[in-house]
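Next comes entry.txt, a file with compact mmCIF, C-alpha atoms and all ligand atoms.
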```txt
# COMPACT_ATOMS: atom_id res chain seq x y z
CA MET A 1 15.03 -8.57 30.83
CA LYS A 2 12.72 -5.60 30.65
CA LYS A 3 9.24 -6.57 29.59
CA ILE A 4 6.51 -4.30 28.39
CA ASP A 5 3.16 -5.44 29.64
CA ILE A 6 0.84 -3.92 27.15
CA HIS A 7 -2.19 -4.88 29.22
CA ASN A 8 -1.21 -2.53 32.02
CA THR A 9 0.48 0.19 30.09
CA ASP A 10 -1.14 3.28 28.76
CA ARG A 11 -1.24 3.16 24.98
CA ALA A 12 0.70 6.37 24.66
CA THR A 13 3.63 4.91 26.59
CA HIS A 14 4.14 1.97 24.25
CA GLN A 15 7.74 1.28 23.54
CA ALA A 16 8.11 2.83 20.12
CA LEU A 17 10.33 1.79 17.29
CA ARG A 18 13.05 4.38 17.54
CA ASP A 19 14.06 4.84 13.97
CA LEU A 20 13.84 3.51 10.45
CA ASN A 21 16.67 1.07 11.15
CA GLU A 22 14.50 -0.66 13.74
CA LEU A 23 11.68 -0.87 11.23
CA LEU A 24 14.16 -2.18 8.68
CA VAL A 25 15.42 -4.91 11.02
CA LEU A 26 11.88 -5.81 12.05
CA ASN A 27 10.88 -6.11 8.40
CA ILE A 28 13.87 -8.30 7.57
CA VAL A 29 12.98 -10.60 10.49
CA ARG A 30 9.38 -10.76 9.25
CA GLU A 31 10.43 -11.55 5.67
CA CYS A 32 13.33 -13.91 6.31
CA GLN A 33 12.55 -15.55 9.65
CA PRO A 34 14.13 -17.53 11.14
CA ILE A 35 17.18 -15.32 10.71
CA SER A 36 20.38 -14.69 12.65
CA ARG A 37 21.86 -11.31 13.60
CA ILE A 38 24.75 -11.89 11.19
CA ASP A 39 22.37 -12.49 8.30
CA ILE A 40 20.39 -9.38 9.25
CA ALA A 41 23.59 -7.33 9.14
CA GLN A 42 24.43 -8.74 5.72
CA ARG A 43 20.99 -8.05 4.31
CA THR A 44 20.60 -4.55 5.78
CA ARG A 45 24.25 -3.55 5.33
CA LEU A 46 24.08 -2.17 8.89
CA GLU A 47 27.08 -2.58 11.22
CA GLY A 48 26.99 -5.79 13.28
CA SER A 49 27.09 -3.79 16.52
CA THR A 50 24.15 -1.65 15.38
CA VAL A 51 22.13 -4.76 14.55
CA SER A 52 23.00 -6.25 17.96
CA LYS A 53 21.79 -3.14 19.77
CA ILE A 54 18.57 -2.99 17.76
CA VAL A 55 17.87 -6.71 18.27
CA THR A 56 18.43 -6.37 22.02
CA ARG A 57 15.82 -3.60 22.11
CA LEU A 58 13.39 -5.54 19.92
CA LEU A 59 13.77 -8.60 22.17
CA ALA A 60 13.22 -6.54 25.31
CA ASP A 61 10.08 -5.03 23.82
CA ASP A 62 8.72 -8.42 22.67
CA PHE A 63 8.70 -7.49 18.99
CA VAL A 64 10.87 -10.53 18.26
CA TYR A 65 11.83 -13.73 20.06
CA GLU A 66 14.70 -16.19 19.83
CA GLU A 67 14.19 -19.82 18.97
CA GLY A 68 16.56 -22.39 17.50
CA VAL A 69 20.30 -22.37 17.04
CA ALA A 70 22.27 -22.83 13.83
CA ALA A 71 25.24 -25.17 13.79
CA ALA A 72 28.49 -23.43 14.59
CA SER A 73 30.55 -22.64 11.52
CA PRO A 74 33.32 -25.16 10.63
CA ASN A 75 36.00 -22.70 11.75
CA GLY A 76 34.50 -22.60 15.23
CA GLY A 77 32.60 -19.30 15.25
CA ARG A 78 29.88 -18.53 17.75
CA LYS A 79 26.62 -20.38 17.33
CA LYS A 80 23.95 -18.35 15.56
CA ARG A 81 20.67 -17.90 17.38
CA PHE A 82 17.58 -17.46 15.23
CA LEU A 83 15.14 -14.60 15.54
CA HIS A 84 11.41 -14.66 14.78
CA LEU A 85 8.81 -11.90 14.63
CA ASN A 86 6.32 -12.10 17.48
CA PRO A 87 3.07 -11.79 15.50
CA ASN A 88 1.02 -11.76 18.70
CA LYS A 89 2.68 -8.60 19.97
CA ALA A 90 -0.24 -6.62 18.58
CA PHE A 91 -3.34 -6.81 16.41
CA ALA A 92 -5.18 -4.29 14.28
CA ILE A 93 -8.62 -3.99 12.77
CA GLY A 94 -8.69 -2.69 9.21
CA VAL A 95 -11.67 -1.35 7.28
CA ASP A 96 -11.34 -0.93 3.53
CA LEU A 97 -14.18 1.16 2.14
CA GLY A 98 -14.58 0.15 -1.49
CA GLN A 99 -16.79 1.55 -4.23
CA ARG A 100 -19.43 -1.16 -4.00
CA GLN A 101 -18.17 -3.46 -1.24
CA SER A 102 -16.19 -2.92 1.90
CA THR A 103 -14.04 -5.22 3.99
CA VAL A 104 -13.62 -5.45 7.75
CA ALA A 105 -10.66 -7.56 8.86
CA LEU A 106 -8.32 -8.44 11.73
CA SER A 107 -4.56 -8.78 11.33
CA ASP A 108 -1.62 -9.59 13.56
CA LEU A 109 1.66 -7.66 13.71
CA SER A 110 2.95 -9.50 10.64
CA GLY A 111 0.08 -8.12 8.53
CA ARG A 112 -1.46 -11.57 8.18
CA ILE A 113 -5.24 -11.44 7.84
CA LEU A 114 -6.79 -13.59 10.57
CA ARG A 115 -10.42 -12.90 9.83
CA SER A 116 -12.19 -10.96 7.10
CA ILE A 117 -15.83 -10.03 6.44
CA THR A 118 -17.18 -8.48 3.23
CA VAL A 119 -19.95 -5.89 3.56
CA GLU A 120 -22.11 -4.69 0.63
CA ASN A 121 -22.29 -0.91 0.53
CA ASP A 122 -25.65 0.84 0.66
CA ALA A 123 -26.65 3.96 -1.30
CA ASP A 124 -27.22 5.54 2.11
CA PRO A 125 -23.87 6.12 3.88
CA ARG A 126 -25.48 5.74 7.31
CA GLN A 127 -26.66 2.20 6.49
CA THR A 128 -23.19 1.25 5.23
CA ILE A 129 -21.50 2.64 8.33
CA GLU A 130 -23.88 0.82 10.63
CA ALA A 131 -23.17 -2.44 8.78
CA LEU A 132 -19.41 -1.78 9.13
CA ALA A 133 -19.80 -1.06 12.87
CA LYS A 134 -21.79 -4.26 13.38
CA ASN A 135 -19.06 -6.31 11.71
CA ILE A 136 -16.23 -4.54 13.56
CA LYS A 137 -17.97 -5.53 16.80
CA LYS A 138 -18.38 -9.09 15.52
CA ILE A 139 -14.65 -9.33 14.84
CA LEU A 140 -13.81 -7.79 18.22
CA GLN A 141 -16.06 -10.24 20.01
CA SER A 142 -14.50 -13.26 18.33
CA SER A 143 -10.93 -12.09 18.78
CA PRO A 144 -8.90 -14.16 21.26
CA SER A 145 -6.82 -11.16 22.31
CA LYS A 146 -9.08 -8.11 22.44
CA GLU A 147 -6.76 -6.21 24.75
CA ARG A 148 -3.95 -6.41 22.23
CA ILE A 149 -5.97 -4.78 19.45
CA GLU A 150 -4.25 -1.44 19.00
CA GLY A 151 -6.97 0.32 17.06
CA ILE A 152 -9.05 0.55 13.93
CA GLY A 153 -7.58 1.80 10.65
CA VAL A 154 -10.03 2.94 8.01
CA SER A 155 -9.20 3.28 4.32
CA LEU A 156 -11.37 5.89 2.60
CA ILE A 157 -11.81 6.86 -1.05
CA GLY A 158 -11.22 10.19 -2.76
CA LEU A 159 -10.30 13.51 -1.23
CA ILE A 160 -10.50 13.10 2.54
CA ASP A 161 -9.71 14.79 5.82
CA PRO A 162 -7.70 12.14 7.68
CA LEU A 163 -7.99 13.79 11.09
CA GLU A 164 -11.76 13.61 11.27
CA GLY A 165 -12.27 10.86 8.73
CA ARG A 166 -14.42 13.01 6.46
CA VAL A 167 -14.88 12.07 2.82
CA LEU A 168 -14.75 15.53 1.26
CA ALA A 169 -15.43 14.48 -2.31
CA GLY A 170 -16.88 11.01 -2.61
CA GLU A 171 -18.52 10.98 -6.03
CA SER A 172 -17.21 7.47 -6.71
CA LEU A 173 -19.18 6.23 -3.70
CA GLY A 174 -22.34 7.99 -4.86
CA TRP A 175 -22.59 9.58 -1.41
CA GLY A 176 -22.20 13.21 -2.38
CA ASP A 177 -19.70 15.56 -0.79
CA ASP A 178 -18.55 15.92 2.80
CA VAL A 179 -19.65 12.73 4.52
CA PRO A 180 -18.42 12.57 8.16
CA VAL A 181 -17.59 8.85 8.06
CA GLY A 182 -15.37 9.13 11.16
CA ALA A 183 -18.01 10.78 13.36
CA MET A 184 -20.71 8.37 12.16
CA LEU A 185 -18.54 5.32 12.77
CA ARG A 186 -17.47 6.54 16.23
CA GLU A 187 -21.12 7.08 17.16
CA ALA A 188 -22.20 3.68 15.81
CA LEU A 189 -19.33 1.87 17.57
CA ASN A 190 -19.13 3.75 20.87
CA LEU A 191 -15.76 2.13 21.69
CA GLN A 192 -12.58 3.34 23.38
CA LEU A 193 -10.32 2.01 20.63
CA PRO A 194 -8.33 4.64 18.72
CA MET A 195 -9.45 5.12 15.13
CA TYR A 196 -7.34 6.38 12.24
CA PHE A 197 -8.43 7.40 8.75
CA GLU A 198 -6.55 7.76 5.50
CA ASN A 199 -6.98 7.75 1.75
CA GLY A 200 -6.63 4.24 0.29
CA SER A 201 -3.80 5.04 -2.14
CA ARG A 202 -1.77 6.68 0.61
CA LEU A 203 -2.39 3.61 2.76
CA ALA A 204 -1.17 1.39 -0.05
CA ALA A 205 2.07 3.39 -0.05
CA LEU A 206 2.35 2.92 3.73
CA ALA A 207 1.68 -0.81 3.31
CA GLU A 208 4.53 -1.02 0.82
CA LEU A 209 6.81 0.63 3.35
CA TRP A 210 5.75 -1.62 6.25
CA PHE A 211 4.96 -4.92 4.59
CA GLY A 212 6.38 -4.72 1.08
CA THR A 213 9.34 -6.78 -0.12
CA HIS A 214 12.16 -4.51 -1.22
CA SER A 215 15.31 -6.22 -2.38
CA MET A 216 17.33 -3.04 -1.90
CA GLY A 217 16.33 -2.56 1.72
CA GLN A 218 13.86 -0.23 3.35
CA PRO A 219 13.13 2.71 1.05
CA GLN A 220 12.64 6.08 2.71
CA ASN A 221 11.22 7.84 -0.32
CA LEU A 222 8.58 5.94 -2.20
CA VAL A 223 5.77 6.73 -4.62
CA PHE A 224 2.87 4.34 -5.08
CA LEU A 225 0.66 4.56 -8.17
CA ASP A 226 -2.51 2.54 -8.58
CA ILE A 227 -3.81 2.31 -12.14
CA GLY A 228 -7.51 1.50 -12.21
CA GLN A 229 -10.62 3.58 -12.90
CA GLY A 230 -8.29 6.51 -12.43
CA VAL A 231 -4.76 6.94 -11.12
CA GLY A 232 -4.46 6.90 -7.33
CA ALA A 233 -1.19 7.79 -5.67
CA GLY A 234 0.53 7.86 -2.33
CA ILE A 235 3.80 9.59 -1.52
CA VAL A 236 6.17 8.62 1.29
CA ILE A 237 8.97 11.07 2.00
CA ARG A 238 11.61 10.17 4.61
CA GLY A 239 9.39 7.39 5.86
CA GLN A 240 6.37 9.64 6.34
CA MET A 241 3.20 9.91 4.31
CA TYR A 242 3.04 13.23 2.52
CA HIS A 243 -0.39 14.91 2.48
CA GLY A 244 0.12 18.41 1.12
CA SER A 245 -1.60 21.48 2.53
CA MET A 246 -5.15 20.31 1.75
CA HIS A 247 -4.55 16.54 1.94
CA GLY A 248 -4.58 16.61 -1.84
CA ALA A 249 -0.97 15.70 -2.67
CA GLY A 250 -0.31 12.98 -5.20
CA GLU A 251 -2.83 13.76 -7.93
CA PHE A 252 -0.34 12.65 -10.55
CA GLY A 253 -3.29 11.41 -12.61
CA HIS A 254 -3.91 15.01 -13.62
CA ILE A 255 -0.46 15.74 -14.92
CA SER A 256 -1.19 16.77 -18.51
CA LEU A 257 0.83 14.86 -21.09
CA ASP A 258 -0.88 16.54 -24.03
CA PRO A 259 -2.74 19.85 -23.73
CA LYS A 260 -4.48 19.05 -27.04
CA GLY A 261 -5.46 15.57 -25.81
CA PRO A 262 -8.89 14.30 -24.78
CA ALA A 263 -10.82 16.19 -22.08
CA CYS A 264 -10.44 15.00 -18.51
CA SER A 265 -12.94 15.12 -15.62
CA CYS A 266 -10.68 17.70 -13.93
CA GLY A 267 -11.33 20.25 -16.66
CA GLY A 268 -7.90 19.83 -18.22
CA HIS A 269 -6.88 17.93 -21.32
CA GLY A 270 -4.67 14.92 -22.02
CA CYS A 271 -4.10 14.01 -18.36
CA LEU A 272 -2.13 10.87 -17.44
CA GLU A 273 -5.41 9.41 -16.17
CA VAL A 274 -7.14 9.90 -19.52
CA PHE A 275 -4.40 7.89 -21.23
CA THR A 276 -3.71 5.16 -18.66
CA ALA A 277 -6.94 4.39 -16.77
CA ASN A 278 -8.39 0.96 -17.56
CA GLN A 279 -11.04 2.54 -19.79
CA ALA A 280 -8.28 3.98 -22.00
CA THR A 281 -6.62 0.58 -22.43
CA LEU A 282 -9.99 -0.97 -23.27
CA GLU A 283 -10.75 1.68 -25.90
CA ARG A 284 -7.29 1.27 -27.39
CA TYR A 285 -7.85 -2.46 -27.64
CA ARG A 286 -11.18 -1.97 -29.42
CA LYS A 287 -9.72 0.57 -31.85
CA LEU A 288 -6.80 -1.71 -32.71
CA GLY A 289 -9.37 -4.45 -33.38
CA SER A 290 -11.46 -2.37 -35.75
CA ALA A 291 -8.31 -1.12 -37.47
CA ASN A 292 -7.15 -4.63 -38.32
CA GLY A 293 -10.65 -5.62 -39.38
CA SER A 294 -11.50 -8.11 -36.64
CA ALA A 295 -15.12 -7.98 -35.56
CA PRO A 296 -15.83 -6.25 -32.28
CA THR A 297 -16.81 -8.72 -29.57
CA ALA A 298 -20.56 -8.21 -29.48
CA GLY A 299 -22.69 -8.83 -26.44
CA ASN A 300 -20.32 -9.71 -23.63
CA GLU A 301 -18.39 -6.65 -22.56
CA ILE A 302 -14.60 -6.99 -22.34
CA VAL A 303 -13.00 -5.94 -19.07
CA ILE A 304 -9.40 -5.05 -18.29
CA THR A 305 -8.57 -8.48 -16.86
CA ASP A 306 -9.54 -10.02 -20.22
CA ILE A 307 -7.05 -7.80 -22.01
CA VAL A 308 -4.35 -8.67 -19.49
CA ALA A 309 -5.10 -12.39 -19.92
CA ARG A 310 -5.02 -12.06 -23.73
CA GLY A 311 -1.83 -10.05 -23.54
CA LEU A 312 -0.18 -12.76 -21.47
CA GLN A 313 -1.23 -15.24 -24.17
CA ARG A 314 0.53 -12.96 -26.68
CA ASP A 315 -2.58 -11.76 -28.48
CA PRO A 316 -0.93 -9.00 -30.59
CA GLN A 317 -3.86 -6.60 -30.22
CA ALA A 318 -3.85 -6.90 -26.42
CA VAL A 319 -0.05 -6.65 -26.22
CA GLU A 320 -0.11 -3.47 -28.31
CA ALA A 321 -2.93 -1.88 -26.27
CA LEU A 322 -1.04 -2.55 -23.03
CA ARG A 323 2.24 -1.38 -24.51
CA GLN A 324 0.71 1.94 -25.58
CA THR A 325 -0.73 2.43 -22.08
CA ALA A 326 2.76 1.77 -20.71
CA THR A 327 4.23 4.44 -23.00
CA TYR A 328 1.95 7.05 -21.44
CA LEU A 329 2.55 5.68 -17.96
CA GLY A 330 6.31 5.96 -18.49
CA ARG A 331 5.91 9.60 -19.60
CA GLY A 332 3.72 10.27 -16.57
CA LEU A 333 6.48 9.00 -14.29
CA ILE A 334 8.97 11.57 -15.61
CA PRO A 335 7.64 14.54 -13.56
CA VAL A 336 7.36 12.18 -10.55
CA LEU A 337 11.05 11.26 -10.87
CA TYR A 338 12.20 14.83 -11.27
CA SER A 339 10.02 16.31 -8.50
CA ILE A 340 10.15 13.61 -5.80
CA ASN A 341 13.36 11.72 -6.68
CA PRO A 342 12.19 8.51 -4.93
CA GLU A 343 14.25 5.32 -4.54
CA VAL A 344 11.23 3.27 -5.48
CA ILE A 345 8.09 3.71 -7.55
CA VAL A 346 5.58 0.95 -6.87
CA LEU A 347 2.91 0.30 -9.49
CA ALA A 348 -0.33 -1.53 -8.80
CA GLY A 349 -3.59 -2.27 -10.59
CA ALA A 350 -4.82 -4.86 -13.09
CA ILE A 351 -2.45 -3.85 -15.91
CA THR A 352 0.59 -4.60 -13.72
CA GLU A 353 -0.35 -8.29 -13.97
CA ALA A 354 1.06 -7.94 -17.50
CA TRP A 355 4.39 -6.74 -16.06
CA ASP A 356 6.44 -8.45 -18.78
CA ILE A 357 4.64 -6.30 -21.34
CA ILE A 358 4.42 -2.95 -19.56
CA TYR A 359 7.73 -2.82 -17.66
CA PRO A 360 10.08 -2.99 -20.70
CA GLU A 361 8.13 -0.13 -22.31
CA ILE A 362 8.21 2.03 -19.14
CA HIS A 363 11.92 1.31 -18.88
CA ARG A 364 12.46 2.23 -22.54
CA VAL A 365 10.66 5.58 -22.13
CA LEU A 366 12.61 6.49 -18.99
CA ALA A 367 15.95 5.36 -20.43
CA SER A 368 15.47 7.48 -23.53
CA GLU A 369 13.64 10.54 -22.14
CA VAL A 370 15.12 11.08 -18.65
CA THR A 371 18.57 12.26 -17.55
CA ARG A 372 20.55 9.13 -16.78
CA PHE A 373 21.22 10.11 -13.15
CA TYR A 374 17.47 10.03 -12.44
CA SER A 375 16.54 7.03 -14.55
CA SER A 376 19.33 4.85 -13.17
CA HIS A 377 18.69 5.68 -9.50
CA VAL A 378 15.10 4.54 -9.25
CA SER A 379 13.55 1.09 -9.04
CA ILE A 380 10.21 0.71 -10.76
CA ILE A 381 8.53 -2.35 -9.27
CA ARG A 382 5.08 -3.85 -9.13
CA SER A 383 3.35 -4.10 -5.80
CA THR A 384 4.25 -7.18 -3.79
CA LEU A 385 0.96 -6.79 -1.93
CA ASN A 386 -1.38 -8.07 -4.60
CA ASP A 387 -4.31 -8.51 -2.34
CA LYS A 388 -5.97 -5.32 -1.09
CA PRO A 389 -2.95 -3.08 -0.45
CA SER A 390 -5.21 -0.38 1.03
CA LEU A 391 -6.56 -2.84 3.63
CA ILE A 392 -3.02 -3.94 4.51
CA GLY A 393 -2.23 -0.22 4.76
CA ALA A 394 -5.11 0.25 7.19
CA PHE A 395 -3.44 -2.32 9.48
CA ALA A 396 -0.09 -0.61 8.99
CA LEU A 397 -1.66 2.74 9.93
CA VAL A 398 -2.71 1.34 13.32
CA LEU A 399 0.53 -0.55 13.95
CA ALA A 400 2.68 2.38 12.81
CA ARG A 401 0.84 4.77 15.15
CA ALA A 402 1.06 2.33 18.03
CA PHE A 403 4.71 1.45 17.65
CA SER A 404 6.53 4.09 15.76
CA GLY A 405 8.03 7.24 17.16
CA SER A 406 7.16 10.55 15.59
CA GLY A 407 9.65 9.85 12.84
CA LEU A 408 7.68 7.03 11.33
CA GLY A 409 4.03 7.89 11.79
ZN ZN B 1 -7.25 15.60 -15.34
```

Please re-express this file's structure in structure tokens.
Amino acid sequence: MKKIDIHNTDRATHQALRDLNELLVLNIVRECQPISRIDIAQRTRLEGSTVSKIVTRLLADDFVYEEGVAAASPNGGRKKRFLHLNPNKAFAIGVDLGQRQSTVALSDLSGRILRSITVENDADPRQTIEALAKNIKKILQSSPSKERIEGIGVSLIGLIDPLEGRVLAGESLGWGDDVPVGAMLREALNLQLPMYFENGSRLAALAELWFGTHSMGQPQNLVFLDIGQGVGAGIVIRGQMYHGSMHGAGEFGHISLDPKGPACSCGGHGCLEVFTANQATLERYRKLGSANGSAPTAGNEIVITDIVARGLQRDPQAVEALRQTATYLGRGLIPVLYSINPEVIVLAGAITEAWDIIYPEIHRVLASEVTRFYSSHVSIIRSTLNDKPSLIGAFALVLARAFSGSGLG
């Protein structure tokens, strides 16, 4: 059997995943292990012979291994051998730059976080980057398999240049414009490891593709929307992240739903973001309260998670505030459906915790306001990666670059 020794092989010559079907099979093994070839074929709807060929390649390249045998079927069929993902095939370091805190973490090929360190950001970007570098080195030092770490993936905020890792507009970090995070981190680290940079929402979309659970199989066209302080988005088209000409694609938050609506930070009016960001849901909740005469909660400030919790307890005011947010969100998805025509739209953010409240309303809007062909051919789901999808995406960025052919990266 051919074995790839990744200790003695140049990184560029890594055996790549050849196509999306390999990624699909690898993902099914990761999700359903232990699993037989026959079960993979059933779940992926790929031909048995195609699955066999792919599995042979994955075994040869050490992505998966065989262990255990299922009892032969009563009618005397061949015994089924079970496949498992080899999580130790490769490791990745992920850095998730947050607004106030950042995370440095190590994961294996399965996306499992093995070690994680939280770093408080500093008002001075240089101090923050030095703290990140120090903790990256700490994780490297303690890692049992340094030589299998394929690189460092860094999730950045705002408008960025992924090639150089520059934050072009980082007002949410309070760092001003054009901060060369990549160059600063490279200098502080002085390591040979490859480094990759990407916007956090785009990474979350990549994470959904690599590590998400999709009942309908591996989607090739996916849109990820994160509802929080604003609306972040990532677009995957034919398995590839879509950046646009200036790395600015996916600003769905500034689709105007009402030109006479409230002013938005972009200069426009009535943008999706103005109606669906957490602040909008909070204001709606307060207004509904004053309208029905209940006293505003003085002193302790309500946050979005409170409204979600109250909504889940069927507090009518909270349910209505969330439902109205979902109405706008549904309308905001209409241009996404018509322009991108994705198989899957993944929603994330605090309000998606109240899925039972927001999903029926989104569904209602799409069913009544969108041509049936479009509304019936898309799955709207909530993220299956509840915890830090952009960090998981930072791992995926490294692993995808290391193992995927040009078609996947
Ligand atoms: Zn706007």

The residues within 10 Å of (-6.4, -0.7, -30.2), using all atoms listed in the file and the coordinates of the file, should be reported as a list in words; which are they?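 Using all atoms listed in the file, the matching residues come out as Ala280, Thr281, Leu282, Glu283, Arg284, Tyr285, Arg286, Lys287, Leu288, Gly289, Ser290, Ala291, Asn292, Pro316, Gln317, Ala318, Val319, Glu320, Ala321, Leu322 and Gln324 of chain A.
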
Restricting the output to C-alpha atoms, write the selected residues as a PDB file, in the frame of the given file.
```
ATOM      1  CA  ALA A 280      -8.280   3.980 -22.000  1.00  0.00           C
ATOM      2  CA  THR A 281      -6.620   0.580 -22.430  1.00  0.00           C
ATOM      3  CA  LEU A 282      -9.990  -0.970 -23.270  1.00  0.00           C
ATOM      4  CA  GLU A 283     -10.750   1.680 -25.900  1.00  0.00           C
ATOM      5  CA  ARG A 284      -7.290   1.270 -27.390  1.00  0.00           C
ATOM      6  CA  TYR A 285      -7.850  -2.460 -27.640  1.00  0.00           C
ATOM      7  CA  ARG A 286     -11.180  -1.970 -29.420  1.00  0.00           C
ATOM      8  CA  LYS A 287      -9.720   0.570 -31.850  1.00  0.00           C
ATOM      9  CA  LEU A 288      -6.800  -1.710 -32.710  1.00  0.00           C
ATOM     10  CA  GLY A 289      -9.370  -4.450 -33.380  1.00  0.00           C
ATOM     11  CA  SER A 290     -11.460  -2.370 -35.750  1.00  0.00           C
ATOM     12  CA  ALA A 291      -8.310  -1.120 -37.470  1.00  0.00           C
ATOM     13  CA  ASN A 292      -7.150  -4.630 -38.320  1.00  0.00           C
ATOM     14  CA  PRO A 316      -0.930  -9.000 -30.590  1.00  0.00           C
ATOM     15  CA  GLN A 317      -3.860  -6.600 -30.220  1.00  0.00           C
ATOM     16  CA  ALA A 318      -3.850  -6.900 -26.420  1.00  0.00           C
ATOM     17  CA  VAL A 319      -0.050  -6.650 -26.220  1.00  0.00           C
ATOM     18  CA  GLU A 320      -0.110  -3.470 -28.310  1.00  0.00           C
ATOM     19  CA  ALA A 321      -2.930  -1.880 -26.270  1.00  0.00           C
ATOM     20  CA  LEU A 322      -1.040  -2.550 -23.030  1.00  0.00           C
ATOM     21  CA  GLN A 324       0.710   1.940 -25.580  1.00  0.00           C
TER      22      GLN A 324
END
```

Shell of 6 Å around ligand ZN 1 (chain B) (all atoms listed in the file), written as a PyMOL selection string: chain A and resi 254+264-266+268+271

Given all atoms listed in the file as the basis, pick out the residue of A:Ile152, A:Val69, A:Val95, A:Leu24 nearest to Leu391 (chain A).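 Of A:Ile152, A:Val69, A:Val95, A:Leu24, the one nearest Leu391 (chain A) is A:Val95, counting all atoms listed in the file.
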
Between CA of Leu23 (chain A) and CA of Gly248 (chain A), measure the distance and give it in Å to one decimal. 27.2 Å

With all atoms listed in the file as the counted atoms, please give the residues lying no more than 12 Å from Gln127 (chain A), apart from itself and same-chain residues fewer than 6 positions off, as a PDB file with C-alpha atoms, in the frame of the given file.
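Saved the output as around.pdb:
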```pdb
ATOM      1  CA  VAL A 119     -19.950  -5.890   3.560  1.00  0.00           C
ATOM      2  CA  GLU A 120     -22.110  -4.690   0.630  1.00  0.00           C
ATOM      3  CA  ASN A 121     -22.290  -0.910   0.530  1.00  0.00           C
ATOM      4  CA  ALA A 133     -19.800  -1.060  12.870  1.00  0.00           C
ATOM      5  CA  LYS A 134     -21.790  -4.260  13.380  1.00  0.00           C
ATOM      6  CA  TRP A 175     -22.590   9.580  -1.410  1.00  0.00           C
ATOM      7  CA  VAL A 181     -17.590   8.850   8.060  1.00  0.00           C
ATOM      8  CA  MET A 184     -20.710   8.370  12.160  1.00  0.00           C
ATOM      9  CA  LEU A 185     -18.540   5.320  12.770  1.00  0.00           C
ATOM     10  CA  ALA A 188     -22.200   3.680  15.810  1.00  0.00           C
TER      11      ALA A 188
END
```

For Ile381 (chain A), please output as a list in words all residues within 9 Å (counting only C-alpha atoms; exclusion window: fewer than 2 positions along the same chain).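 Near neighbours after the sequence-gap exclusion: Val344, Ile345, Val346, Leu347, Ala348, Tyr359, Ser379, Ser383 and Thr384 of chain A.
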
From A:Arg100, A:Arg148, A:Lys53, A:Arg37, residue lying nearest Pro87 (chain A) [only C-alpha atoms]: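 Comparing A:Arg100, A:Arg148, A:Lys53, A:Arg37 against Pro87 (chain A), the winner is A:Arg148.
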
Nearest to Gly174 (chain A): which of A:Glu353, A:Glu147, A:Asp124, A:Asp61 is it, counting all atoms listed in the file?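 Residue with the minimum atom-to-atom distance to Gly174 (chain A): A:Asp124.
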
Name the closest residue to Ile136 (chain A) among the candidates A:Val398, A:Val167, A:Ile35, A:Leu189; distances are taken between atoms, counting only C-alpha atoms.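 Once distances to Ile136 (chain A) are computed over only C-alpha atoms, the minimum belongs to A:Leu189.
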
Using all atoms listed in the file, pick whichever of A:Ala131, A:Ala263, A:Ile237, A:Ile304 has the shortest atom-to-atom distance to Ala350 (chain A).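 For Ala350 (chain A), the nearest of the given residues is A:Ile304.
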
First collect every listed atom of region 259-271 of chain A; then fit an axis-aligned box around them, widen it by 3 Å on each side, and give centre and edge lengths in Å to one decimal, as lines of an AutoDock Vina configuration file.
```
center_x = -7.8
center_y = 17.1
center_z = -20.5
size_x = 16.2
size_y = 12.2
size_z = 19.1
```

Separation of CA of Arg323 (chain A) and CA of Leu209 (chain A), in Å?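 Distance between the two atoms: 28.3 Å.
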
Name the residues, using the chain letters and numbers of the file, that sit within 12 Å of (10.0, -14.5, 9.2) when counting all atoms listed in the file, and give them as a PyMOL selection string. chain A and resi 25-36+40+64-67+82-87+109-112+211

Atom completion result for region 178-186 of chain A (N, CA and C atoms) as a short mmCIF file (atom, residue, chain, number, x, y, z; two decimals), keeping the file's coordinate frame:
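And here's rebuild37.cif as it stands now:
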```cif
data_model
loop_
_atom_site.label_atom_id
_atom_site.label_comp_id
_atom_site.auth_asym_id
_atom_site.auth_seq_id
_atom_site.Cartn_x
_atom_site.Cartn_y
_atom_site.Cartn_z
N ASP A 178 -18.67 15.69 1.37
CA ASP A 178 -18.55 15.92 2.80
C ASP A 178 -19.39 14.98 3.66
N VAL A 179 -18.98 13.72 3.67
CA VAL A 179 -19.65 12.73 4.52
C VAL A 179 -18.75 12.46 5.73
N PRO A 180 -19.26 12.75 6.95
CA PRO A 180 -18.42 12.57 8.16
C PRO A 180 -18.35 11.11 8.59
N VAL A 181 -17.67 10.29 7.79
CA VAL A 181 -17.59 8.85 8.06
C VAL A 181 -17.06 8.59 9.48
N GLY A 182 -16.00 9.34 9.86
CA GLY A 182 -15.37 9.13 11.16
C GLY A 182 -16.37 9.34 12.30
N ALA A 183 -17.07 10.47 12.28
CA ALA A 183 -18.01 10.78 13.36
C ALA A 183 -19.13 9.75 13.39
N MET A 184 -19.62 9.35 12.21
CA MET A 184 -20.71 8.37 12.16
C MET A 184 -20.27 7.01 12.70
N LEU A 185 -19.04 6.63 12.33
CA LEU A 185 -18.54 5.32 12.77
C LEU A 185 -18.28 5.32 14.29
N ARG A 186 -17.72 6.42 14.78
CA ARG A 186 -17.47 6.54 16.23
C ARG A 186 -18.79 6.41 17.00
#
```
